[in-house]
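Student: This is work09.tsv, which holds TSV, C-alpha atoms:
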```tsv
chain	number	residue	atom	x	y	z
V	1	MET	CA	44.23	11.42	-12.48
V	2	ARG	CA	42.04	14.46	-12.23
V	3	ASN	CA	42.40	17.38	-14.53
V	4	GLU	CA	42.93	20.28	-12.21
V	5	ASN	CA	44.42	22.75	-14.70
V	6	GLN	CA	41.88	22.41	-17.52
V	7	THR	CA	38.86	22.74	-15.31
V	8	GLY	CA	40.22	25.22	-12.86
V	9	MET	CA	38.60	23.21	-10.12
V	10	PRO	CA	40.42	21.52	-7.28
V	11	PRO	CA	40.64	17.75	-7.52
V	12	GLY	CA	38.44	15.52	-5.52
V	13	ILE	CA	34.90	15.84	-4.39
V	14	TYR	CA	33.81	19.45	-4.62
V	15	GLY	CA	30.08	19.29	-4.42
V	16	LEU	CA	28.37	17.27	-1.76
V	17	HIS	CA	24.68	17.91	-1.67
V	18	THR	CA	22.68	16.66	1.25
V	19	LEU	CA	19.07	16.81	0.18
V	20	TRP	CA	17.01	15.13	2.84
V	21	GLY	CA	19.04	14.96	5.98
V	22	ASP	CA	21.67	12.32	5.49
V	23	THR	CA	19.66	9.98	3.32
V	24	LEU	CA	19.62	11.45	-0.18
V	25	LYS	CA	22.66	13.05	-1.74
V	26	PHE	CA	25.06	12.97	-4.64
V	27	SER	CA	28.67	13.87	-5.05
V	28	ALA	CA	30.49	15.06	-8.15
V	29	GLN	CA	34.16	15.09	-9.03
V	30	TRP	CA	36.29	15.86	-12.04
V	31	VAL	CA	37.81	12.95	-13.86
V	32	GLN	CA	40.45	12.75	-16.58
V	33	PRO	CA	40.52	14.37	-19.12
V	34	ASP	CA	37.55	16.71	-18.85
V	35	GLY	CA	34.72	14.61	-17.58
V	36	LEU	CA	32.51	14.75	-14.58
V	37	LEU	CA	31.84	11.73	-12.41
V	38	ILE	CA	28.64	12.07	-10.45
V	39	GLU	CA	27.83	9.49	-7.85
V	40	LEU	CA	24.24	9.36	-6.76
V	41	THR	CA	24.25	8.33	-3.13
V	42	ALA	CA	20.48	8.22	-2.79
V	43	ASP	CA	19.26	4.69	-2.13
V	44	GLN	CA	16.11	5.27	-4.18
V	45	LEU	CA	15.71	7.23	-7.38
V	46	ASN	CA	11.95	7.54	-7.37
V	47	ARG	CA	9.10	10.02	-7.53
V	48	GLU	CA	9.81	11.09	-3.95
V	49	SER	CA	13.51	11.80	-4.40
V	50	VAL	CA	13.63	12.89	-8.06
V	51	PRO	CA	12.35	16.50	-7.65
V	52	GLU	CA	15.23	17.47	-5.32
V	53	ILE	CA	17.90	15.44	-7.05
V	54	ARG	CA	16.83	16.84	-10.41
V	55	ARG	CA	17.08	20.45	-9.24
V	56	ASP	CA	20.57	20.08	-7.78
V	57	LEU	CA	21.90	17.70	-10.41
V	58	PHE	CA	20.86	19.92	-13.30
V	59	LYS	CA	22.26	22.97	-11.56
V	60	THR	CA	25.59	21.17	-11.20
V	61	VAL	CA	25.87	19.92	-14.78
V	62	ARG	CA	24.69	23.21	-16.30
V	63	LYS	CA	27.49	25.09	-14.55
V	64	LYS	CA	30.32	22.83	-15.74
V	65	ARG	CA	31.98	22.65	-19.13
V	66	VAL	CA	32.79	19.02	-19.74
V	67	HIS	CA	32.72	16.57	-22.61
V	68	LYS	CA	31.46	13.63	-20.70
V	69	VAL	CA	29.36	12.93	-17.63
V	70	VAL	CA	29.50	9.56	-15.92
V	71	LEU	CA	26.56	8.99	-13.64
V	72	ASP	CA	27.38	6.31	-11.09
V	73	LEU	CA	24.22	4.56	-9.91
V	74	SER	CA	25.90	1.79	-7.94
V	75	ARG	CA	24.40	3.04	-4.68
V	76	VAL	CA	20.90	3.37	-6.11
V	77	SER	CA	19.20	0.15	-5.11
V	78	ARG	CA	15.86	0.94	-6.71
V	79	MET	CA	14.64	3.21	-9.45
V	80	ASP	CA	11.09	3.81	-10.68
V	81	THR	CA	9.84	5.43	-13.89
V	82	ALA	CA	10.40	8.90	-12.42
V	83	GLY	CA	14.07	7.91	-12.05
V	84	VAL	CA	14.20	6.74	-15.65
V	85	ALA	CA	12.55	10.00	-16.74
V	86	LEU	CA	15.23	11.94	-14.86
V	87	LEU	CA	17.91	10.06	-16.77
V	88	VAL	CA	16.14	10.89	-20.04
V	89	GLU	CA	16.02	14.57	-19.12
V	90	LEU	CA	19.70	14.53	-18.19
V	91	LEU	CA	20.58	12.78	-21.44
V	92	ASP	CA	18.64	15.39	-23.41
V	93	LEU	CA	20.17	18.31	-21.50
V	94	LEU	CA	23.69	17.01	-22.07
V	95	ASP	CA	23.06	16.00	-25.66
V	96	ARG	CA	22.06	19.57	-26.52
V	97	ARG	CA	25.49	20.63	-25.22
V	98	ASN	CA	27.31	17.85	-27.08
V	99	VAL	CA	28.16	16.20	-23.80
V	100	LYS	CA	28.16	12.42	-23.63
V	101	LEU	CA	26.33	10.68	-20.80
V	102	GLU	CA	27.40	7.31	-19.49
V	103	LEU	CA	25.64	5.36	-16.77
V	104	SER	CA	27.67	3.11	-14.55
V	105	GLY	CA	26.95	0.71	-11.71
V	106	VAL	CA	23.40	0.01	-12.87
V	107	ASN	CA	22.05	-3.00	-10.98
V	108	GLU	CA	19.86	-5.63	-12.63
V	109	GLY	CA	16.59	-4.27	-11.22
V	110	ASN	CA	17.38	-0.79	-12.53
V	111	ARG	CA	18.43	-2.20	-15.89
V	112	ARG	CA	15.03	-3.91	-16.04
V	113	MET	CA	13.33	-0.56	-15.39
V	114	ILE	CA	15.27	0.98	-18.27
V	115	ARG	CA	14.40	-1.99	-20.49
V	116	LEU	CA	10.73	-1.78	-19.49
V	117	ALA	CA	10.73	1.84	-20.65
V	118	ARG	CA	12.19	0.55	-23.97
V	119	LEU	CA	15.26	2.76	-23.43
V	120	ASP	CA	18.02	0.17	-23.13
V	121	GLN	CA	19.31	1.09	-26.58
V	122	VAL	CA	19.27	4.79	-25.77
V	123	PHE	CA	21.67	4.84	-22.82
V	124	THR	CA	25.34	3.96	-22.72
V	125	ILE	CA	25.65	1.69	-19.71
V	126	SER	CA	28.92	0.46	-18.26
V	127	ASN	CA	29.70	-1.68	-15.27
V	128	HIS	CA	32.30	0.80	-14.05
V	129	ALA	CA	33.14	4.34	-15.07
V	130	GLY	CA	34.85	4.28	-18.46
V	131	ASP	CA	33.96	0.62	-19.03
V	132	GLU	CA	31.18	0.56	-21.62
V	133	THR	CA	29.23	-2.63	-22.24
H	1	MET	CA	13.41	-14.74	-5.40
H	2	ALA	CA	9.95	-13.21	-5.28
H	3	ASP	CA	8.31	-12.57	-1.94
H	4	ILE	CA	4.99	-14.37	-2.22
H	5	SER	CA	3.70	-13.69	1.28
H	6	PRO	CA	0.03	-12.60	1.25
H	7	ILE	CA	-0.44	-8.93	0.43
H	8	ILE	CA	-4.24	-9.12	0.56
H	9	GLU	CA	-6.37	-11.62	2.38
H	10	LEU	CA	-10.13	-11.96	2.10
H	11	ARG	CA	-11.89	-13.53	5.05
H	12	HIS	CA	-15.49	-14.69	4.85
H	13	LEU	CA	-16.55	-11.73	2.74
H	14	ASP	CA	-20.25	-11.32	1.98
H	15	SER	CA	-21.52	-8.53	-0.20
H	16	PHE	CA	-24.93	-7.05	-0.83
H	17	TYR	CA	-26.66	-4.62	-3.14
H	18	ASN	CA	-29.55	-3.52	-0.95
H	19	SER	CA	-30.99	-6.81	0.28
H	20	ARG	CA	-29.63	-8.84	-2.61
H	21	GLN	CA	-26.56	-10.89	-1.70
H	22	VAL	CA	-24.01	-11.07	-4.51
H	23	LEU	CA	-20.94	-12.54	-2.76
H	24	PHE	CA	-21.02	-15.40	-0.30
H	25	ASP	CA	-18.28	-16.25	2.19
H	26	ILE	CA	-15.35	-15.33	-0.05
H	27	THR	CA	-12.05	-16.43	1.50
H	28	PHE	CA	-8.72	-16.50	-0.31
H	29	THR	CA	-5.31	-14.84	-0.26
H	30	ILE	CA	-3.53	-12.79	-2.91
H	31	PRO	CA	0.22	-13.48	-2.85
H	32	ARG	CA	2.64	-10.58	-3.20
H	33	GLN	CA	4.39	-10.14	-6.56
H	34	GLN	CA	2.18	-12.70	-8.27
H	35	VAL	CA	-0.51	-12.48	-10.92
H	36	THR	CA	-3.87	-13.55	-9.52
H	37	VAL	CA	-6.72	-14.00	-11.96
H	38	ILE	CA	-10.32	-13.88	-10.79
H	39	MET	CA	-12.51	-15.62	-13.35
H	40	GLY	CA	-16.15	-16.40	-13.86
H	41	VAL	CA	-19.04	-15.80	-16.19
H	42	SER	CA	-20.64	-12.38	-16.46
H	43	GLY	CA	-22.64	-11.49	-13.37
H	44	CYS	CA	-20.84	-13.92	-11.04
H	45	GLY	CA	-19.62	-11.12	-8.74
H	46	LYS	CA	-16.14	-10.49	-10.14
H	47	THR	CA	-16.46	-6.74	-10.44
H	48	THR	CA	-18.14	-6.46	-7.03
H	49	LEU	CA	-15.21	-8.35	-5.55
H	50	LEU	CA	-12.85	-5.95	-7.30
H	51	ARG	CA	-14.71	-3.00	-5.77
H	52	HIS	CA	-14.10	-4.47	-2.32
H	53	LEU	CA	-10.40	-5.01	-3.07
H	54	ILE	CA	-9.87	-1.40	-4.13
H	55	GLY	CA	-11.84	0.01	-1.23
H	56	LEU	CA	-14.80	1.32	-3.21
H	57	LYS	CA	-17.16	-0.98	-1.37
H	58	LEU	CA	-16.42	-1.67	2.25
H	59	SER	CA	-16.80	-5.16	3.53
H	60	THR	CA	-19.49	-6.04	6.02
H	61	PRO	CA	-19.59	-8.74	7.07
H	62	GLY	CA	-16.21	-10.23	6.36
H	63	GLN	CA	-12.81	-8.66	6.05
H	64	VAL	CA	-10.34	-7.52	3.43
H	65	MET	CA	-6.93	-7.55	5.08
H	66	VAL	CA	-4.08	-5.57	3.52
H	67	ASP	CA	-0.67	-6.50	4.90
H	68	GLY	CA	-2.51	-7.96	7.87
H	69	GLU	CA	-4.58	-4.81	8.55
H	70	ASP	CA	-8.35	-4.78	8.20
H	71	MET	CA	-9.31	-2.37	5.42
H	72	GLY	CA	-12.70	-1.91	7.05
H	73	ARG	CA	-10.92	-0.26	9.98
H	74	PHE	CA	-8.66	1.97	7.90
H	75	SER	CA	-8.66	5.62	8.85
H	76	GLU	CA	-9.11	8.11	6.01
H	77	ARG	CA	-5.35	8.59	5.98
H	78	GLU	CA	-4.67	4.85	5.81
H	79	MET	CA	-7.16	4.47	2.98
H	80	GLU	CA	-5.45	7.32	1.14
H	81	ALA	CA	-2.08	5.62	1.67
H	82	TYR	CA	-3.52	2.37	0.31
H	83	ARG	CA	-4.87	4.18	-2.76
H	84	HIS	CA	-1.36	5.51	-3.42
H	85	ARG	CA	-0.12	1.92	-3.50
H	86	ILE	CA	-2.63	0.72	-6.08
H	87	GLY	CA	-3.42	1.30	-9.73
H	88	VAL	CA	-6.79	0.42	-11.22
H	89	LEU	CA	-7.78	-0.15	-14.82
H	90	PHE	CA	-11.55	-0.04	-15.02
H	91	GLN	CA	-13.40	-1.97	-17.68
H	92	SER	CA	-14.25	1.15	-19.68
H	93	GLY	CA	-10.83	2.76	-19.29
H	94	ALA	CA	-12.56	5.60	-17.37
H	95	LEU	CA	-10.75	8.41	-19.16
H	96	PHE	CA	-11.69	12.06	-18.76
H	97	ASN	CA	-13.20	13.01	-22.10
H	98	SER	CA	-12.30	16.69	-21.79
H	99	MET	CA	-8.57	15.94	-21.55
H	100	THR	CA	-6.10	14.58	-24.05
H	101	VAL	CA	-4.78	11.05	-23.66
H	102	GLY	CA	-1.46	12.41	-22.41
H	103	GLU	CA	-3.18	14.65	-19.85
H	104	ASN	CA	-5.21	11.68	-18.66
H	105	VAL	CA	-2.07	9.63	-18.06
H	106	ALA	CA	-0.42	12.55	-16.28
H	107	ILE	CA	-3.28	13.15	-13.81
H	108	PRO	CA	-2.07	10.90	-10.98
H	109	LEU	CA	1.45	12.29	-11.29
H	110	ARG	CA	0.20	15.89	-11.18
H	111	VAL	CA	-2.08	15.22	-8.23
H	112	HIS	CA	0.13	12.99	-6.10
H	113	THR	CA	3.74	14.01	-6.81
H	114	ARG	CA	5.94	17.09	-6.86
H	115	LEU	CA	7.58	16.10	-10.14
H	116	ALA	CA	8.42	18.80	-12.67
H	117	ASP	CA	6.19	19.16	-15.75
H	118	GLN	CA	8.93	17.91	-18.05
H	119	THR	CA	9.50	14.79	-15.91
H	120	ILE	CA	5.75	14.13	-15.89
H	121	ARG	CA	5.61	14.57	-19.66
H	122	ILE	CA	8.40	12.02	-20.12
H	123	ILE	CA	6.81	9.50	-17.72
H	124	SER	CA	3.46	9.84	-19.53
H	125	THR	CA	5.12	9.27	-22.88
H	126	ILE	CA	7.00	6.21	-21.56
H	127	LYS	CA	3.74	4.73	-20.27
H	128	LEU	CA	1.91	5.44	-23.52
H	129	HIS	CA	4.80	3.88	-25.42
H	130	GLN	CA	4.57	0.76	-23.24
H	131	VAL	CA	0.93	0.28	-24.22
H	132	GLY	CA	1.59	1.08	-27.88
H	133	LEU	CA	0.00	4.54	-27.92
H	134	SER	CA	2.99	6.86	-28.05
H	135	ASP	CA	1.62	8.55	-31.18
H	136	PHE	CA	-1.70	9.33	-29.55
H	137	CYS	CA	-0.64	11.57	-26.68
H	138	ASP	CA	-2.51	14.61	-28.05
H	139	TYR	CA	-5.64	12.76	-29.10
H	140	MET	CA	-8.91	13.15	-27.27
H	141	PRO	CA	-10.41	9.92	-25.85
H	142	SER	CA	-13.36	10.29	-28.24
H	143	GLN	CA	-10.94	9.92	-31.15
H	144	LEU	CA	-9.78	6.50	-29.93
H	145	SER	CA	-11.29	3.06	-30.43
H	146	GLY	CA	-12.57	1.15	-27.39
H	147	GLY	CA	-9.42	-0.95	-27.26
H	148	MET	CA	-7.19	2.10	-27.47
H	149	ARG	CA	-9.11	3.78	-24.68
H	150	LYS	CA	-8.56	0.70	-22.58
H	151	ARG	CA	-4.83	0.78	-23.29
H	152	ALA	CA	-4.72	4.49	-22.44
H	153	GLY	CA	-6.49	3.63	-19.19
H	154	LEU	CA	-3.82	1.03	-18.50
H	155	ALA	CA	-1.09	3.61	-19.15
H	156	ARG	CA	-2.73	5.87	-16.58
H	157	SER	CA	-3.13	3.06	-14.06
H	158	ILE	CA	0.61	2.29	-14.18
H	159	ALA	CA	1.75	5.94	-14.29
H	160	MET	CA	2.69	5.82	-10.60
H	161	ASP	CA	4.38	2.38	-10.82
H	162	PRO	CA	1.86	1.00	-8.35
H	163	GLU	CA	2.78	-1.80	-6.01
H	164	ILE	CA	-0.58	-3.46	-6.69
H	165	LEU	CA	-2.37	-3.25	-10.03
H	166	PHE	CA	-6.04	-4.18	-10.45
H	167	VAL	CA	-7.23	-4.79	-13.98
H	168	ASP	CA	-10.88	-5.29	-14.86
H	169	GLU	CA	-11.39	-7.24	-18.08
H	170	PRO	CA	-8.18	-6.22	-19.87
H	171	SER	CA	-8.88	-8.13	-23.07
H	172	SER	CA	-12.55	-7.44	-23.65
H	173	GLY	CA	-13.12	-5.47	-26.82
H	174	LEU	CA	-9.55	-5.95	-28.00
H	175	ASP	CA	-8.40	-7.76	-31.11
H	176	PRO	CA	-6.34	-10.93	-30.39
H	177	ILE	CA	-2.99	-9.32	-31.21
H	178	THR	CA	-3.56	-6.28	-29.01
H	179	ALA	CA	-4.91	-8.53	-26.26
H	180	ALA	CA	-1.79	-10.71	-26.42
H	181	GLY	CA	0.36	-7.56	-26.26
H	182	LEU	CA	-1.49	-6.45	-23.15
H	183	ASP	CA	-0.97	-9.86	-21.54
H	184	ALA	CA	2.75	-9.60	-22.31
H	185	LEU	CA	2.88	-6.15	-20.72
H	186	ILE	CA	1.13	-7.42	-17.58
H	187	LEU	CA	3.72	-10.19	-17.27
H	188	GLU	CA	6.55	-7.73	-17.90
H	189	LEU	CA	5.28	-5.37	-15.19
H	190	ASN	CA	5.05	-8.28	-12.81
H	191	GLU	CA	8.55	-9.53	-13.59
H	192	ALA	CA	10.35	-6.21	-13.92
H	193	LEU	CA	8.74	-4.34	-11.05
H	194	GLY	CA	7.58	-7.21	-8.88
H	195	MET	CA	4.12	-5.70	-9.20
H	196	THR	CA	1.29	-7.65	-7.58
H	197	ILE	CA	-1.39	-7.89	-10.26
H	198	ILE	CA	-5.01	-8.87	-9.87
H	199	VAL	CA	-6.87	-9.42	-13.12
H	200	VAL	CA	-10.59	-9.90	-13.36
H	201	THR	CA	-11.57	-11.60	-16.59
H	202	HIS	CA	-13.72	-14.17	-18.31
H	203	GLU	CA	-11.23	-14.56	-21.16
H	204	LEU	CA	-9.82	-18.04	-20.62
H	205	GLU	CA	-6.86	-17.85	-22.96
H	206	SER	CA	-5.63	-14.62	-21.43
H	207	ALA	CA	-6.22	-15.94	-17.90
H	208	PHE	CA	-4.15	-19.07	-18.43
H	209	ASN	CA	-1.41	-17.05	-20.13
H	210	ILE	CA	-0.79	-14.73	-17.24
H	211	ALA	CA	-1.97	-16.35	-14.01
H	212	ASP	CA	0.18	-17.63	-11.17
H	213	GLN	CA	-2.99	-18.44	-9.28
H	214	MET	CA	-6.66	-18.45	-10.20
H	215	VAL	CA	-9.93	-18.04	-8.40
H	216	VAL	CA	-13.10	-19.15	-10.19
H	217	LEU	CA	-16.33	-17.53	-9.05
H	218	ASP	CA	-19.78	-18.88	-9.70
H	219	ARG	CA	-22.93	-17.09	-8.63
H	220	GLY	CA	-21.06	-15.19	-5.94
H	221	ARG	CA	-19.22	-18.17	-4.47
H	222	ILE	CA	-15.72	-19.50	-4.94
H	223	LEU	CA	-16.02	-22.55	-7.12
H	224	ALA	CA	-12.31	-23.35	-7.33
H	225	ALA	CA	-8.97	-21.76	-6.47
H	226	GLY	CA	-5.42	-22.82	-7.21
H	227	SER	CA	-2.70	-22.81	-9.81
H	228	PRO	CA	-3.68	-22.79	-13.51
H	229	GLN	CA	-2.76	-26.49	-13.63
H	230	GLU	CA	-5.01	-27.27	-10.68
H	231	ILE	CA	-7.92	-25.36	-12.24
H	232	GLN	CA	-7.32	-27.04	-15.58
H	233	SER	CA	-7.45	-30.49	-14.00
H	234	SER	CA	-10.49	-29.75	-11.81
H	235	GLU	CA	-13.25	-32.32	-12.05
H	236	ASP	CA	-15.90	-30.00	-10.66
H	237	PRO	CA	-18.64	-30.04	-13.32
H	238	ARG	CA	-19.20	-26.26	-13.10
H	239	VAL	CA	-15.48	-25.58	-13.56
H	240	VAL	CA	-15.38	-28.00	-16.48
H	241	GLN	CA	-18.45	-26.32	-17.96
H	242	PHE	CA	-16.83	-22.89	-17.62
H	243	LEU	CA	-13.53	-24.03	-19.09
H	244	LYS	CA	-15.26	-25.72	-22.00
H	245	ARG	CA	-17.35	-22.61	-22.57
H	246	GLU	CA	-20.55	-24.62	-22.41
H	247	SER	CA	-23.72	-22.63	-22.11
H	248	ASP	CA	-25.73	-22.86	-18.91
H	249	ARG	CA	-28.55	-25.30	-19.55
H	250	ARG	CA	-29.86	-25.44	-16.01
H	251	GLN	CA	-33.64	-25.43	-15.65
H	252	PRO	CA	-34.74	-21.93	-14.78
H	253	ASP	CA	-36.51	-21.41	-11.48
H	254	THR	CA	-40.01	-21.31	-12.98
H	255	GLU	CA	-41.68	-20.14	-9.81
H	256	ALA	CA	-39.28	-17.24	-9.33
H	257	TYR	CA	-39.67	-16.34	-13.00
H	258	LEU	CA	-43.45	-16.26	-12.69
H	259	ASP	CA	-43.09	-14.13	-9.55
H	260	SER	CA	-40.99	-11.66	-11.47
H	261	LEU	CA	-43.66	-11.42	-14.16
H	262	VAL	CA	-46.70	-10.97	-11.98
H	263	GLY	CA	-45.66	-11.03	-8.36
H	264	LYS	CA	-43.78	-8.91	-5.84
H	265	GLY	CA	-40.42	-9.04	-7.53
H	266	ARG	CA	-41.61	-7.76	-10.88
H	267	CYS	CA	-39.51	-5.39	-12.85
H	268	ARG	CA	-40.70	-1.78	-12.75
H	269	VAL	CA	-40.81	-0.34	-16.27
H	270	ILE	CA	-43.49	2.34	-15.88
H	271	SER	CA	-43.07	5.04	-13.26
```
Please go through the file and, once you have read it, give me the structure as structure tokens.
Tutor:
Amino acid sequence: MRNENQTGMPPGIYGLHTLWGDTLKFSAQWVQPDGLLIELTADQLNRESVPEIRRDLFKTVRKKRVHKVVLDLSRVSRMDTAGVALLVELLDLLDRRNVKLELSGVNEGNRRMIRLARLDQVFTISNHAGDET
Amino acid sequence: MADISPIIELRHLDSFYNSRQVLFDITFTIPRQQVTVIMGVSGCGKTTLLRHLIGLKLSTPGQVMVDGEDMGRFSEREMEAYRHRIGVLFQSGALFNSMTVGENVAIPLRVHTRLADQTIRIISTIKLHQVGLSDFCDYMPSQLSGGMRKRAGLARSIAMDPEILFVDEPSSGLDPITAAGLDALILELNEALGMTIIVVTHELESAFNIADQMVVLDRGRILAAGSPQEIQSSEDPRVVQFLKRESDRRQPDTEAYLDSLVGKGRCRVIS
């Protein structure tokens, strides 16, 4: 159930950003009660894709008043340290606004990247949105 | 399952400094996503071989093949693309003394990416943290010990998450605990990122800790190559001598020595 009244936004996907043709994009939608579910649809979250994703992603989350952001990475097959750094920046940005960040759909390779950066204790990671592990 | 197809292949590589030959008919393959250790005593040609592998010394005669393509025939653009795929830790660390440690680590990211300053700062800090130097970001290289400079150099060499990492003597000048930590990091990078890692070293303990395959050089020639177990069980007297750390008691070439003292090949000390 999406919270149409509280947010004043229509339900469903409202922001679909195509960054590089059809290959790199993310979508964001409101979720109950006042959270934002952002699905990264880029296959790679790396030093090539991060600059554009960062710009648009930060613009999106800065504009919205929510208590929680769930970042769905299930379509991101590979992430490098630039991708991890982007997650750190997002966490910091949201933390300063008292907004909780949850990562979902993180595959094993991407979990290893987060572990390698010694940040596995820093992020809340769930298998599915709202399902913390 | 790791892809262990060859990423680099050396074919009959000879190498010279002026007329002096330092590598002879070097032929072996470096498997993808594996740790390959090139070993040998000082002066056996390890660092020269490394210079060929990173494209600092081009191979004639012989070939260095990267993904089946001859590096000797690379265009400038292809060489540049190859350099983007590799990270190199030089023996000295090769830091810029006029920059802080953090700035040194950030250089490749500033030069080769369009990442924002804040993203670069975070990546640099992550890399320094991985090598145990997160508190030294604002230090100048001159304020660090030799071992710390080497670790800072390693942080810089992995800043771009290279596909292939070349490491020249990672443990030399390090205390045993720091050296073991560096070995653990090399293994972690290999496992977590599937990084192909080529380590040049004469430190036996470190070599056997990290290697998937080993190449032993002796006076510019391959003495033995294989898995750590195969090298360990080699019956070649020179390999045994190297593994047992026995000093070289061969009779010197008296005639050549005399020549160097009085003859044509003498060392020039007065200009």
Student: To one decimal place, how far is atom CA of H:Leu182 from atom CA of V:Arg115 in Å?
Tutor: 16.7 Å
Student: Give the answer as one residue: which of V:Leu90, V:Val76, V:Leu101, V:Leu57 has the shortest atom-to-atom distance to chain H, using only C-alpha atoms?
Tutor: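 Looking at the shortest contact to chain H, the residue is V:Leu90.
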Student: Tell me, as a list in words, which residues lie within 7 Å of H:Leu109, counting all atoms listed in the file; anything in the same chain fewer than 4 positions away does not count.
Tutor: Thr113, Ile120 and Met160 of chain H
Student: Which residues of chain V are close to chain H, meaning at most 10 Å apart when you count only C-alpha atoms, and how do they look as a PyMOL selection string?
Tutor: chain V and resi 46-52+54-55+78-89+108-119
Student: Could you write out as JSON the box around stretch 142-150 of chain H (axis-aligned, all atoms listed in the file, 3 Å on each side), with centre and edge lengths in Å to one decimal?
Tutor:
```
{"center_x": -10.3, "center_y": 4.7, "center_z": -26.9, "size_x": 12.2, "size_y": 17.2, "size_z": 14.6}
```
Student: What gap, in Å, lies between atom CA of H:Gly68 and atom CA of H:Ile26?
Tutor: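 Computing it gives 16.8 Å between the two atoms.
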Student: Just give me the gap between atom CA of H:Gln63 and atom CA of H:His12 in Å, one decimal is fine.
Tutor: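 Atom-to-atom, atom CA of H:Gln63 and atom CA of H:His12 are spaced 6.7 Å apart.
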Student: My list of candidates is V:Arg97, V:Leu37, V:Leu91, V:Val106. Which is closest to V:Arg62 when distances are computed with all atoms listed in the file?
Tutor: V:Arg97
Student: Within 6 Å of stretch 205-219 of chain H, counting all atoms listed in the file, which residues show up once you throw out same-chain ones fewer than 4 positions away? Write them as an MDAnalysis selection string, please.
Tutor: chainID H and resid 35:40 44 223:227
Student: Given the point (-2.3, 1.2, -13.0) in the coordinates of this file, which residues lie within 10 Å, counting only C-alpha atoms, and how would they look as an mmCIF file with C-alpha atoms, in the frame of the given file?
Tutor:
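For reference, point_19.cif as written:
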```
data_model
loop_
_atom_site.group_PDB
_atom_site.id
_atom_site.type_symbol
_atom_site.label_atom_id
_atom_site.label_comp_id
_atom_site.auth_asym_id
_atom_site.auth_seq_id
_atom_site.Cartn_x
_atom_site.Cartn_y
_atom_site.Cartn_z
ATOM 1 C CA ARG H 85 -0.120 1.920 -3.500
ATOM 2 C CA ILE H 86 -2.630 0.720 -6.080
ATOM 3 C CA GLY H 87 -3.420 1.300 -9.730
ATOM 4 C CA VAL H 88 -6.790 0.420 -11.220
ATOM 5 C CA LEU H 89 -7.780 -0.150 -14.820
ATOM 6 C CA PHE H 90 -11.550 -0.040 -15.020
ATOM 7 C CA VAL H 105 -2.070 9.630 -18.060
ATOM 8 C CA PRO H 108 -2.070 10.900 -10.980
ATOM 9 C CA GLY H 153 -6.490 3.630 -19.190
ATOM 10 C CA LEU H 154 -3.820 1.030 -18.500
ATOM 11 C CA ALA H 155 -1.090 3.610 -19.150
ATOM 12 C CA ARG H 156 -2.730 5.870 -16.580
ATOM 13 C CA SER H 157 -3.130 3.060 -14.060
ATOM 14 C CA ILE H 158 0.610 2.290 -14.180
ATOM 15 C CA ALA H 159 1.750 5.940 -14.290
ATOM 16 C CA MET H 160 2.690 5.820 -10.600
ATOM 17 C CA ASP H 161 4.380 2.380 -10.820
ATOM 18 C CA PRO H 162 1.860 1.000 -8.350
ATOM 19 C CA GLU H 163 2.780 -1.800 -6.010
ATOM 20 C CA ILE H 164 -0.580 -3.460 -6.690
ATOM 21 C CA LEU H 165 -2.370 -3.250 -10.030
ATOM 22 C CA PHE H 166 -6.040 -4.180 -10.450
ATOM 23 C CA VAL H 167 -7.230 -4.790 -13.980
ATOM 24 C CA ILE H 197 -1.390 -7.890 -10.260
#
```
Student: Any idea what's packed within 8 Å of H:Ser15, counting only C-alpha atoms, ignoring anything in its chain fewer than 6 positions away? Could you give it as number ranges by chain?
Tutor: H: 21-24, 48, 59-61
